[in-house]
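Structure file query-v6.txt (compact mmCIF, C-alpha atoms and all ligand atoms) is printed below.
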```
# COMPACT_ATOMS: atom_id res chain seq x y z
CA MET A 1 -9.17 46.74 -62.21
CA SER A 2 -12.43 48.24 -63.48
CA LYS A 3 -13.91 51.31 -61.84
CA ARG A 4 -17.32 49.57 -61.75
CA VAL A 5 -16.46 48.18 -58.31
CA THR A 6 -15.33 50.17 -55.29
CA ASP A 7 -11.82 48.83 -54.89
CA TYR A 8 -10.38 49.61 -51.45
CA ASP A 9 -7.03 48.14 -52.55
CA THR A 10 -6.37 50.99 -54.94
CA TYR A 11 -6.61 53.44 -52.00
CA ASN A 12 -4.64 51.26 -49.57
CA TYR A 13 -7.55 51.73 -47.19
CA ASP A 14 -7.35 49.79 -43.92
CA TYR A 15 -11.01 49.55 -42.99
CA SER A 16 -10.35 48.20 -39.48
CA GLN A 17 -9.06 51.67 -38.52
CA TYR A 18 -12.51 53.11 -39.15
CA TRP A 19 -13.80 51.15 -36.13
CA LYS A 20 -11.38 52.58 -33.62
CA ASN A 21 -13.58 54.84 -31.41
CA ARG A 22 -16.83 53.55 -32.89
CA GLU A 23 -17.66 51.03 -30.19
CA TYR A 24 -21.24 52.24 -29.88
CA GLU A 25 -22.03 51.76 -33.60
CA ASN A 26 -20.39 48.35 -33.53
CA ASN A 27 -22.43 47.35 -30.46
CA ALA A 28 -25.63 48.64 -32.05
CA GLU A 29 -25.12 46.48 -35.15
CA HIS A 30 -24.21 43.44 -33.06
CA ILE A 31 -27.45 43.81 -31.08
CA VAL A 32 -29.50 43.66 -34.29
CA LEU A 33 -27.58 40.76 -35.80
CA LYS A 34 -27.64 38.72 -32.61
CA SER A 35 -31.39 39.12 -32.42
CA PHE A 36 -31.94 38.33 -36.15
CA LEU A 37 -29.66 35.28 -36.02
CA LYS A 38 -30.99 33.88 -32.76
CA ASN A 39 -31.98 30.24 -33.22
CA GLN A 40 -30.57 30.16 -36.77
CA GLN A 41 -28.33 27.36 -37.88
CA GLY A 42 -27.24 25.65 -41.06
CA ASN A 43 -24.40 24.41 -43.19
CA TRP A 44 -23.07 27.25 -45.42
CA PHE A 45 -23.19 30.98 -44.59
CA ILE A 46 -21.90 33.89 -46.69
CA ASP A 47 -20.83 37.35 -45.44
CA ILE A 48 -20.67 39.56 -48.53
CA GLY A 49 -18.13 42.36 -48.31
CA GLY A 50 -17.18 40.96 -44.90
CA SER A 51 -13.78 42.69 -44.90
CA TYR A 52 -11.71 41.97 -41.79
CA GLY A 53 -14.43 39.88 -40.12
CA ARG A 54 -15.92 42.44 -37.75
CA LEU A 55 -19.23 40.55 -37.60
CA THR A 56 -18.07 36.93 -37.61
CA ASP A 57 -18.94 36.46 -33.94
CA THR A 58 -22.63 36.81 -34.83
CA TYR A 59 -22.75 33.81 -37.20
CA ALA A 60 -19.60 31.65 -37.06
CA ASN A 61 -20.82 29.47 -34.19
CA LYS A 62 -24.22 28.95 -35.80
CA PHE A 63 -23.26 27.79 -39.28
CA LYS A 64 -20.90 24.90 -39.99
CA ASN A 65 -19.04 26.49 -42.92
CA CYS A 66 -18.78 30.25 -43.30
CA VAL A 67 -17.35 32.26 -46.18
CA ILE A 68 -16.37 35.91 -46.29
CA ILE A 69 -16.14 37.30 -49.79
CA ASP A 70 -14.64 40.72 -50.32
CA TYR A 71 -13.21 42.63 -53.28
CA SER A 72 -10.25 43.78 -51.20
CA LEU A 73 -7.62 41.06 -51.45
CA LYS A 74 -5.24 43.15 -49.33
CA THR A 75 -7.74 43.30 -46.46
CA LEU A 76 -8.35 39.56 -46.58
CA LYS A 77 -4.62 38.76 -46.65
CA ARG A 78 -3.83 41.14 -43.80
CA ASN A 79 -6.57 39.76 -41.57
CA TYR A 80 -6.44 36.07 -42.45
CA PRO A 81 -4.48 34.96 -39.34
CA THR A 82 -6.79 36.77 -36.90
CA VAL A 83 -10.02 35.65 -38.54
CA LYS A 84 -8.84 32.03 -38.74
CA SER A 85 -7.57 31.97 -35.17
CA LEU A 86 -10.94 33.18 -33.87
CA SER A 87 -13.10 31.05 -36.19
CA PRO A 88 -11.34 28.21 -38.06
CA ASN A 89 -14.58 27.40 -39.95
CA ILE A 90 -14.39 30.66 -41.93
CA THR A 91 -12.90 30.79 -45.43
CA LEU A 92 -11.81 34.11 -46.94
CA ILE A 93 -12.22 34.58 -50.68
CA ALA A 94 -11.52 37.59 -52.86
CA ALA A 95 -14.55 37.99 -55.09
CA ASN A 96 -16.97 40.48 -56.55
CA ALA A 97 -20.50 40.59 -55.12
CA TYR A 98 -21.87 40.90 -58.67
CA LYS A 99 -20.09 37.70 -59.75
CA ILE A 100 -20.15 35.27 -56.87
CA PRO A 101 -17.92 32.23 -57.48
CA PHE A 102 -20.32 29.64 -56.05
CA ARG A 103 -22.80 27.06 -57.20
CA ASP A 104 -26.55 27.76 -57.32
CA ASN A 105 -28.54 26.90 -54.18
CA THR A 106 -25.55 26.55 -51.86
CA PHE A 107 -26.02 28.83 -48.86
CA ASP A 108 -28.44 28.46 -45.94
CA GLY A 109 -27.81 32.01 -44.82
CA GLY A 110 -26.01 35.23 -45.56
CA LEU A 111 -25.65 38.89 -44.74
CA MET A 112 -24.40 42.16 -46.13
CA VAL A 113 -23.64 45.05 -43.78
CA ARG A 114 -22.27 48.47 -44.78
CA VAL A 115 -21.62 47.40 -48.36
CA LEU A 116 -24.81 48.23 -50.29
CA HIS A 117 -23.75 51.89 -50.49
CA HIS A 118 -20.99 50.69 -52.84
CA ILE A 119 -23.37 48.62 -54.98
CA LYS A 120 -24.54 50.76 -57.89
CA ARG A 121 -26.42 47.99 -59.71
CA GLN A 122 -28.61 46.71 -56.91
CA LYS A 123 -30.95 44.54 -59.02
CA GLU A 124 -28.00 42.79 -60.60
CA TYR A 125 -26.52 42.11 -57.16
CA PHE A 126 -29.73 40.75 -55.62
CA SER A 127 -30.42 38.46 -58.54
CA GLU A 128 -26.84 37.08 -58.38
CA LEU A 129 -27.24 36.65 -54.62
CA SER A 130 -30.53 34.79 -54.96
CA ARG A 131 -28.81 32.36 -57.32
CA VAL A 132 -26.36 31.14 -54.65
CA LEU A 133 -28.83 31.11 -51.74
CA LYS A 134 -31.10 28.13 -51.11
CA ASP A 135 -34.85 28.22 -50.99
CA ASP A 136 -35.96 29.28 -47.46
CA SER A 137 -32.50 30.61 -46.62
CA ILE A 138 -32.19 33.60 -44.30
CA TYR A 139 -30.55 36.76 -45.63
CA ILE A 140 -29.88 39.99 -43.71
CA GLN A 141 -29.46 43.25 -45.60
CA GLU A 142 -28.28 46.48 -44.02
CA PHE A 143 -28.39 49.79 -45.87
CA ALA A 144 -27.82 53.47 -45.21
CA ASN A 145 -31.20 55.20 -44.88
CA LYS A 146 -31.45 58.45 -46.82
CA ILE A 147 -34.54 59.75 -44.94
CA HIS A 148 -33.10 59.53 -41.42
CA LEU A 149 -34.00 62.14 -38.82
CA LYS A 150 -30.95 64.40 -39.30
CA ALA A 151 -31.41 64.36 -43.09
CA ARG A 152 -35.06 65.38 -42.64
CA ILE A 153 -34.15 68.31 -40.41
CA ARG A 154 -31.46 69.37 -42.87
CA ALA A 155 -33.92 69.12 -45.78
CA ILE A 156 -36.55 71.20 -43.95
CA LEU A 157 -34.00 73.91 -43.15
CA LYS A 158 -32.83 74.00 -46.75
CA MET A 159 -36.41 73.65 -48.05
CA ASP A 160 -35.19 70.71 -50.11
CA ARG A 161 -38.11 68.57 -51.30
CA THR A 162 -36.00 66.04 -53.16
CA LEU A 163 -35.17 64.08 -49.98
CA PHE A 164 -38.32 61.99 -50.13
CA ASN A 165 -38.05 60.86 -53.73
CA ARG A 166 -37.12 57.20 -54.11
CA GLU A 167 -33.87 57.70 -55.99
CA PRO A 168 -30.62 56.71 -54.22
CA TYR A 169 -28.68 59.67 -52.84
CA GLN A 170 -24.93 59.89 -53.41
CA GLN A 171 -23.42 61.25 -50.19
CA PRO A 172 -20.69 63.85 -50.54
CA THR A 173 -17.47 61.88 -50.20
CA ILE A 174 -15.74 63.67 -47.34
CA ASN A 175 -14.43 61.70 -44.43
CA LEU A 176 -16.50 58.62 -45.08
CA GLU A 177 -15.42 55.03 -44.77
CA GLY A 178 -13.59 54.08 -47.93
CA ALA A 179 -15.07 57.06 -49.71
CA LYS A 180 -12.55 59.77 -48.95
CA HIS A 181 -11.49 59.40 -52.54
CA SER A 182 -13.49 60.97 -55.30
CA GLY A 183 -15.48 58.71 -57.58
CA VAL A 184 -16.34 56.21 -54.84
CA SER A 185 -19.98 55.30 -54.69
CA PHE A 186 -21.57 56.00 -51.31
CA LEU A 187 -25.30 55.62 -51.79
CA ASN A 188 -27.99 56.23 -49.21
CA TYR A 189 -31.35 54.64 -49.98
CA HIS A 190 -35.01 55.30 -49.46
CA PRO A 191 -36.17 52.20 -47.51
CA GLN A 192 -39.01 51.56 -49.95
CA TYR A 193 -36.58 51.58 -52.89
CA ILE A 194 -34.62 48.69 -51.36
CA ILE A 195 -37.74 46.85 -50.17
CA ASN A 196 -39.23 46.97 -53.70
CA ILE A 197 -36.08 45.57 -55.32
CA ILE A 198 -35.43 42.91 -52.73
CA GLU A 199 -39.03 41.67 -52.79
CA LYS A 200 -39.04 41.54 -56.60
CA CYS A 201 -36.00 39.28 -56.38
CA GLY A 202 -37.93 36.80 -54.19
CA PHE A 203 -36.91 37.87 -50.68
CA ASP A 204 -39.78 38.05 -48.15
CA ILE A 205 -39.20 40.55 -45.37
CA GLU A 206 -39.59 38.83 -42.02
CA GLU A 207 -38.30 41.54 -39.69
CA ARG A 208 -37.02 45.05 -39.90
CA GLN A 209 -34.84 46.95 -37.45
CA GLY A 210 -33.53 50.49 -37.33
CA CYS A 211 -30.04 50.87 -35.94
CA SER A 212 -27.59 53.49 -34.61
CA TYR A 213 -30.26 55.91 -33.35
CA LEU A 214 -27.70 57.83 -31.32
CA ARG A 215 -24.96 58.36 -33.87
CA ILE A 216 -24.32 61.84 -32.49
CA PRO A 217 -20.68 62.51 -31.47
CA ILE A 218 -21.48 64.83 -28.55
CA LEU A 219 -23.92 62.33 -27.02
CA LYS A 220 -21.35 59.57 -27.30
CA LYS A 221 -18.81 61.76 -25.56
CA ILE A 222 -21.07 62.85 -22.70
CA LEU A 223 -22.82 59.56 -21.98
CA GLY A 224 -20.11 57.02 -22.76
CA THR A 225 -20.42 53.73 -24.64
CA LYS A 226 -22.15 51.69 -21.94
CA ILE A 227 -25.05 54.07 -21.34
CA ILE A 228 -25.54 54.89 -24.98
CA THR A 229 -25.54 51.18 -25.92
CA GLY A 230 -28.23 50.59 -23.26
CA MET A 231 -30.29 53.44 -24.71
CA GLU A 232 -29.84 52.03 -28.21
CA LYS A 233 -31.33 48.70 -27.06
CA ILE A 234 -34.43 50.49 -25.80
CA LEU A 235 -34.79 52.63 -28.94
CA GLN A 236 -34.43 49.57 -31.18
CA LYS A 237 -37.32 47.94 -29.31
CA LEU A 238 -39.51 51.05 -29.38
CA PHE A 239 -38.99 52.17 -32.97
CA SER A 240 -38.09 49.01 -34.87
CA ASN A 241 -40.24 49.97 -37.86
CA SER A 242 -39.43 53.66 -38.11
CA ASN A 243 -37.45 55.35 -40.85
CA LEU A 244 -35.67 57.63 -38.38
CA PRO A 245 -32.24 56.04 -37.82
CA PRO A 246 -29.33 56.26 -40.28
CA SER A 247 -29.08 52.52 -40.76
CA ILE A 248 -31.77 49.91 -41.42
CA PHE A 249 -31.52 46.12 -41.27
CA LEU A 250 -33.94 43.76 -43.04
CA LYS A 251 -34.20 40.10 -42.13
CA THR A 252 -35.48 38.23 -45.16
CA GLU A 253 -36.28 34.71 -46.24
CA LEU A 254 -35.77 33.74 -49.86
CA GLU A 255 -38.59 32.01 -51.69
CA LYS A 256 -37.35 30.20 -54.79
CA GLU A 257 -38.99 28.26 -57.55
CA ARG A 258 -35.99 25.97 -57.99
CA LYS A 259 -36.02 24.15 -54.70
CA ASP A 260 -33.46 21.44 -55.46
CA SER A 261 -30.40 21.74 -53.28
CA LYS A 262 -27.60 19.40 -52.32
CA GLU A 263 -25.51 19.31 -49.18
CA TYR A 264 -21.90 20.26 -49.86
CA ASN A 265 -19.09 19.61 -47.42
CA SER A 266 -16.01 21.19 -48.95
CA LEU A 267 -15.07 24.48 -50.58
CA GLU A 268 -14.05 22.84 -53.86
CA GLU A 269 -17.52 21.33 -54.18
CA ILE A 270 -19.22 24.73 -54.09
CA LEU A 271 -16.82 26.79 -56.22
CA LEU A 272 -17.73 27.67 -59.83
CA CYS A 273 -16.06 29.98 -62.34
CA PRO A 274 -17.40 33.46 -61.51
CA ASN A 275 -16.92 34.49 -65.13
CA CYS A 276 -19.09 31.88 -66.89
CA LYS A 277 -20.34 29.67 -64.01
CA GLY A 278 -18.49 26.71 -65.51
CA GLU A 279 -16.98 23.86 -63.51
CA MET A 280 -13.34 24.30 -62.53
CA SER A 281 -10.34 21.99 -62.16
CA PHE A 282 -8.15 22.61 -59.15
CA GLY A 283 -4.39 22.47 -58.78
CA GLU A 284 -2.62 23.32 -55.53
CA ASN A 285 -2.66 27.09 -56.03
CA ILE A 286 -4.49 27.43 -59.32
CA ALA A 287 -8.03 26.84 -60.53
CA ILE A 288 -8.85 26.68 -64.25
CA CYS A 289 -12.32 26.92 -65.70
CA ASN A 290 -13.13 23.90 -67.86
CA ASN A 291 -15.44 26.06 -69.95
CA CYS A 292 -13.91 29.55 -70.50
CA HIS A 293 -10.36 28.49 -69.47
CA LYS A 294 -9.93 31.49 -67.18
CA GLU A 295 -7.26 30.92 -64.54
CA TYR A 296 -7.55 31.90 -60.88
CA ILE A 297 -4.68 32.00 -58.42
CA LYS A 298 -4.50 31.27 -54.73
CA ASP A 299 -2.51 34.16 -53.32
CA GLY A 300 -1.04 32.87 -50.04
CA ASN A 301 -4.11 31.55 -48.26
CA ILE A 302 -6.68 33.43 -50.29
CA TRP A 303 -8.26 32.42 -53.59
CA ASP A 304 -8.57 35.37 -55.93
CA PHE A 305 -11.81 34.94 -57.87
CA ARG A 306 -12.32 38.63 -58.65
CA VAL A 307 -13.85 39.31 -62.05
CA ASP A 308 -15.67 42.43 -63.18
C1 LIG B 401 -17.48 49.65 -45.42
S1 LIG B 401 -16.75 48.07 -45.62
C2 LIG B 401 -17.82 47.03 -44.63
C3 LIG B 401 -17.16 45.76 -44.16
C4 LIG B 401 -18.01 44.84 -43.28
N1 LIG B 401 -19.19 44.37 -43.95
C5 LIG B 401 -18.35 45.51 -41.99
O1 LIG B 401 -19.51 45.93 -41.83
O2 LIG B 401 -17.49 45.62 -41.12
C6 LIG B 401 -17.22 47.69 -47.26
C7 LIG B 401 -16.55 46.44 -47.80
O3 LIG B 401 -17.22 46.07 -49.01
C8 LIG B 401 -16.26 45.61 -49.93
N2 LIG B 401 -16.83 45.73 -51.28
C9 LIG B 401 -17.20 46.86 -51.93
N3 LIG B 401 -17.70 46.55 -53.15
C10 LIG B 401 -17.65 45.19 -53.26
C11 LIG B 401 -18.02 44.27 -54.27
N4 LIG B 401 -18.54 44.65 -55.44
N5 LIG B 401 -17.81 42.96 -54.04
C12 LIG B 401 -17.26 42.52 -52.89
N6 LIG B 401 -16.90 43.35 -51.88
C13 LIG B 401 -17.10 44.67 -52.06
C14 LIG B 401 -15.06 46.49 -49.68
O4 LIG B 401 -13.88 45.92 -50.17
C15 LIG B 401 -15.09 46.63 -48.15
O5 LIG B 401 -14.32 45.66 -47.52
ZN ZN B 402 -15.40 30.13 -66.90
```
In structure tokens, what does this structure look like?
Amino acid sequence: MSKRVTDYDTYNYDYSQYWKNREYENNAEHIVLKSFLKNQQGNWFIDIGGSYGRLTDTYANKFKNCVIIDYSLKTLKRNYPTVKSLSPNITLIAANAYKIPFRDNTFDGGLMVRVLHHIKRQKEYFSELSRVLKDDSIYIQEFANKIHLKARIRAILKMDRTLFNREPYQQPTINLEGAKHSGVSFLNYHPQYIINIIEKCGFDIEERQGCSYLRIPILKKILGTKIITGMEKILQKLFSNSNLPPSIFLKTELEKERKDSKEYNSLEEILLCPNCKGEMSFGENIAICNNCHKEYIKDGNIWDFRVD
């Protein structure tokens, strides 16, 4: 597989292990998503880079048909039984966020959490994403904030003025999720850099929320998850617009010129060849593009539509 995509499968990385002992961070993200998705509903929802389904409980009971796409086929295969048993309306598909195997104007909603640091070509991703989302759809984007409080203190101590430039910052790859291996992209972003790109691609920012204010190991240890989660709730309310926390969530609504959209009821109706966006013919465990003739295999329960 090409090195253009961060491929967890080549490292045999089991991402679910990362979340052992990170209950506070998980709670903090759930608080934001629950608030952003309150009163939302619709037909199709897409979780991009959704991995083992950590966040499915925030959307699966609101949207009729949900899809997780992820580049890690191994993760999807390993977690298929659990995800399906909790939410039978979720389909898992191996696919690349840059080449989404779905029809234009399909999804009423979507999210991406803890994945944008692996996306080196952000404009390309957001324009591909806007293709598959419907006009007026809701999309939630999380990203790692490069100008968070600890980074500012560090920069002042080191007299480093580069922190505030808009360029993405590649974090040193030690002990980070999926990035323990050299060459893995782990980008932190200036909030305005992401806001500029996302708005250019047609997404209007409706709400913004900082998250994980208290990602400080000693505090977690002393106070315990319950207290620190309570404090997080208060901090999220007080400083929703600040650039201080390490993670920022944007709730957006897509405005599109092409407003035509149909209602689709089955997976086969929404799938398109990710390579050329041609129509496909389906066999039991194989899909063939009628246009470029590329073949895609269903590996156990998971379609493999990964192309680079
Ligand atoms: C750090 S994990 C986050 C998983 C999940 N969103 C969560 O927050 O629990 C990043 C995930 O993004 C996936 N990923 C990275 N690059 C991708 C790409 N180009 N297309 C699809 N998935 C990608 C990885 O395989 C991995 O499962
Ligand atoms: Zn094709």
Using only C-alpha atoms, which protein or nucleic acid residues come within 7 Å of range 88-105 of chain A? Drop anything in the same chain fewer than 2 positions from it, and give the result as a compact mmCIF listing (two decimals) with C-alpha atoms, keeping the file's coordinate frame.
```
# COMPACT_ATOMS: atom_id res chain seq x y z
CA ILE A 48 -20.67 39.56 -48.53
CA LYS A 64 -20.90 24.90 -39.99
CA ASN A 65 -19.04 26.49 -42.92
CA CYS A 66 -18.78 30.25 -43.30
CA VAL A 67 -17.35 32.26 -46.18
CA ILE A 68 -16.37 35.91 -46.29
CA ILE A 69 -16.14 37.30 -49.79
CA ASP A 70 -14.64 40.72 -50.32
CA TYR A 71 -13.21 42.63 -53.28
CA SER A 72 -10.25 43.78 -51.20
CA LEU A 73 -7.62 41.06 -51.45
CA LEU A 76 -8.35 39.56 -46.58
CA LYS A 84 -8.84 32.03 -38.74
CA SER A 85 -7.57 31.97 -35.17
CA LEU A 86 -10.94 33.18 -33.87
CA PHE A 107 -26.02 28.83 -48.86
CA GLU A 124 -28.00 42.79 -60.60
CA TYR A 125 -26.52 42.11 -57.16
CA GLU A 128 -26.84 37.08 -58.38
CA ARG A 131 -28.81 32.36 -57.32
CA VAL A 132 -26.36 31.14 -54.65
CA LEU A 133 -28.83 31.11 -51.74
CA LYS A 134 -31.10 28.13 -51.11
CA SER A 261 -30.40 21.74 -53.28
CA ILE A 270 -19.22 24.73 -54.09
CA LEU A 271 -16.82 26.79 -56.22
CA LEU A 272 -17.73 27.67 -59.83
CA CYS A 273 -16.06 29.98 -62.34
CA PRO A 274 -17.40 33.46 -61.51
CA ILE A 302 -6.68 33.43 -50.29
CA TRP A 303 -8.26 32.42 -53.59
CA ASP A 304 -8.57 35.37 -55.93
CA PHE A 305 -11.81 34.94 -57.87
CA ARG A 306 -12.32 38.63 -58.65
CA VAL A 307 -13.85 39.31 -62.05
```
Go through chain A and flag each residue having an atom no more than 7 Å from ligand ZN 402 (chain B); for those, report the closest pair of atoms plus their distance in Å to one decimal, using all atoms listed in the file, ordered by chain and rising number, as a tab-separated table.
```
residue	atom	partner	partner_atom	distance
A:Cys273	CA	B:ZN402	ZN	4.6
A:Pro274	CA	B:ZN402	ZN	6.6
A:Asn275	CA	B:ZN402	ZN	4.9
A:Cys276	CA	B:ZN402	ZN	4.1
A:Lys277	CA	B:ZN402	ZN	5.7
A:Gly278	CA	B:ZN402	ZN	4.8
A:Cys289	CA	B:ZN402	ZN	4.6
A:Asn290	CA	B:ZN402	ZN	6.7
A:Asn291	CA	B:ZN402	ZN	5.1
A:Cys292	CA	B:ZN402	ZN	3.9
A:His293	CA	B:ZN402	ZN	5.9
A:Lys294	CA	B:ZN402	ZN	5.6
```
_Contacts with ligand LIG 401 (chain B) at most 8 Å, all atoms listed in the file counted, listed as a VMD selection string_ = chain A and resid 5 to 9 15 to 16 47 to 55 69 to 72 75 94 to 98 112 to 116 118 to 119 177 to 178
Could you name the residues that touch range 166-173 of chain A at 12 Å or less, counting all atoms listed in the file, but leaving out those on the same chain fewer than 6 positions away, as a PDB file with C-alpha atoms, in the coordinates of the input?
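What follows is the written file selection31.pdb:
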```
ATOM      1  CA  LEU A 116     -24.810  48.230 -50.290  1.00  0.00           C
ATOM      2  CA  HIS A 117     -23.750  51.890 -50.490  1.00  0.00           C
ATOM      3  CA  HIS A 118     -20.990  50.690 -52.840  1.00  0.00           C
ATOM      4  CA  ILE A 119     -23.370  48.620 -54.980  1.00  0.00           C
ATOM      5  CA  LYS A 120     -24.540  50.760 -57.890  1.00  0.00           C
ATOM      6  CA  ARG A 121     -26.420  47.990 -59.710  1.00  0.00           C
ATOM      7  CA  GLN A 122     -28.610  46.710 -56.910  1.00  0.00           C
ATOM      8  CA  PHE A 143     -28.390  49.790 -45.870  1.00  0.00           C
ATOM      9  CA  ALA A 144     -27.820  53.470 -45.210  1.00  0.00           C
ATOM     10  CA  ASN A 145     -31.200  55.200 -44.880  1.00  0.00           C
ATOM     11  CA  LYS A 146     -31.450  58.450 -46.820  1.00  0.00           C
ATOM     12  CA  ILE A 147     -34.540  59.750 -44.940  1.00  0.00           C
ATOM     13  CA  ALA A 151     -31.410  64.360 -43.090  1.00  0.00           C
ATOM     14  CA  ALA A 179     -15.070  57.060 -49.710  1.00  0.00           C
ATOM     15  CA  LYS A 180     -12.550  59.770 -48.950  1.00  0.00           C
ATOM     16  CA  HIS A 181     -11.490  59.400 -52.540  1.00  0.00           C
ATOM     17  CA  SER A 182     -13.490  60.970 -55.300  1.00  0.00           C
ATOM     18  CA  GLY A 183     -15.480  58.710 -57.580  1.00  0.00           C
ATOM     19  CA  VAL A 184     -16.340  56.210 -54.840  1.00  0.00           C
ATOM     20  CA  SER A 185     -19.980  55.300 -54.690  1.00  0.00           C
ATOM     21  CA  PHE A 186     -21.570  56.000 -51.310  1.00  0.00           C
ATOM     22  CA  LEU A 187     -25.300  55.620 -51.790  1.00  0.00           C
ATOM     23  CA  ASN A 188     -27.990  56.230 -49.210  1.00  0.00           C
ATOM     24  CA  TYR A 189     -31.350  54.640 -49.980  1.00  0.00           C
ATOM     25  CA  HIS A 190     -35.010  55.300 -49.460  1.00  0.00           C
ATOM     26  CA  PRO A 191     -36.170  52.200 -47.510  1.00  0.00           C
ATOM     27  CA  GLN A 192     -39.010  51.560 -49.950  1.00  0.00           C
ATOM     28  CA  TYR A 193     -36.580  51.580 -52.890  1.00  0.00           C
ATOM     29  CA  ILE A 194     -34.620  48.690 -51.360  1.00  0.00           C
ATOM     30  CA  ILE A 195     -37.740  46.850 -50.170  1.00  0.00           C
ATOM     31  CA  ASN A 196     -39.230  46.970 -53.700  1.00  0.00           C
ATOM     32  CA  ILE A 197     -36.080  45.570 -55.320  1.00  0.00           C
TER      33      ILE A 197
END
```
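Taking CA of Asp308 in chain A as the reference point, CA of Ser127 in chain A is found at 16.0 Å.
Across A:Leu238, A:Thr58, A:Leu163, A:Ile218, the tightest approach to Asn27 in chain A is made by A:Thr58 when counting all atoms listed in the file.
Considering the residues A:Lys123, A:Arg208, A:Arg161, A:His148 and counting all atoms listed in the file, Lys237 in chain A has its shortest atom-to-atom contact with A:Arg208.
Of note, CA of Val83 in chain A and CA of Ile227 in chain A are spaced 29.3 Å apart.
Across the model, the gap from CA of Leu254 in chain A to CA of Asp57 in chain A is 23.3 Å.
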*Fewer than 2 positions away in the same chain doesn't count, so skip those; otherwise give me all residues within 7 Å of Lys62 in chain A, counting only C-alpha atoms, as number ranges by chain.*
A: 40-42, 59-60, 64
Export, as a PDB file, keeping the file's coordinate frame, the selected residues with C-alpha atoms.
```
ATOM      1  CA  GLN A  40     -30.570  30.160 -36.770  1.00  0.00           C
ATOM      2  CA  GLN A  41     -28.330  27.360 -37.880  1.00  0.00           C
ATOM      3  CA  GLY A  42     -27.240  25.650 -41.060  1.00  0.00           C
ATOM      4  CA  TYR A  59     -22.750  33.810 -37.200  1.00  0.00           C
ATOM      5  CA  ALA A  60     -19.600  31.650 -37.060  1.00  0.00           C
ATOM      6  CA  LYS A  64     -20.900  24.900 -39.990  1.00  0.00           C
TER       7      LYS A  64
END
```
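Proximity of A:Ile248, A:Leu223, A:Ile228, A:Leu129 to Phe203 in chain A, computed with all atoms listed in the file, is greatest for A:Leu129.
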Centre, x/y/z edge lengths, axis-aligned box for range 135-151 of chain A with 4 Å per side, as lines of an AutoDock Vina configuration file:
```
center_x = -31.9
center_y = 46.3
center_z = -44.9
size_x = 16.1
size_y = 44.2
size_z = 20.2
```
_Distance query Lys251 in chain A at most 6 Å, all atoms listed in the file, self and fewer than 4 positions along chain excluded, as a PyMOL selection string_ = chain A and resi 140+205-207
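Proximity to Lys34 in chain A was assessed for A:Ser87, A:Ser281, A:Gln209, A:Asn21 counting all atoms listed in the file; the smallest distance is recorded for A:Gln209.
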*Would you please work out which residue, of A:Gln17, A:Ile31, A:Gln236, A:Phe126, is nearest to Lys200 in chain A when using all atoms listed in the file?*
A:Phe126
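Here the question is which of A:Val32, A:Asn165, A:Pro81, A:Lys38 gets nearest to Glu142 in chain A using all atoms listed in the file, and that residue is A:Val32.
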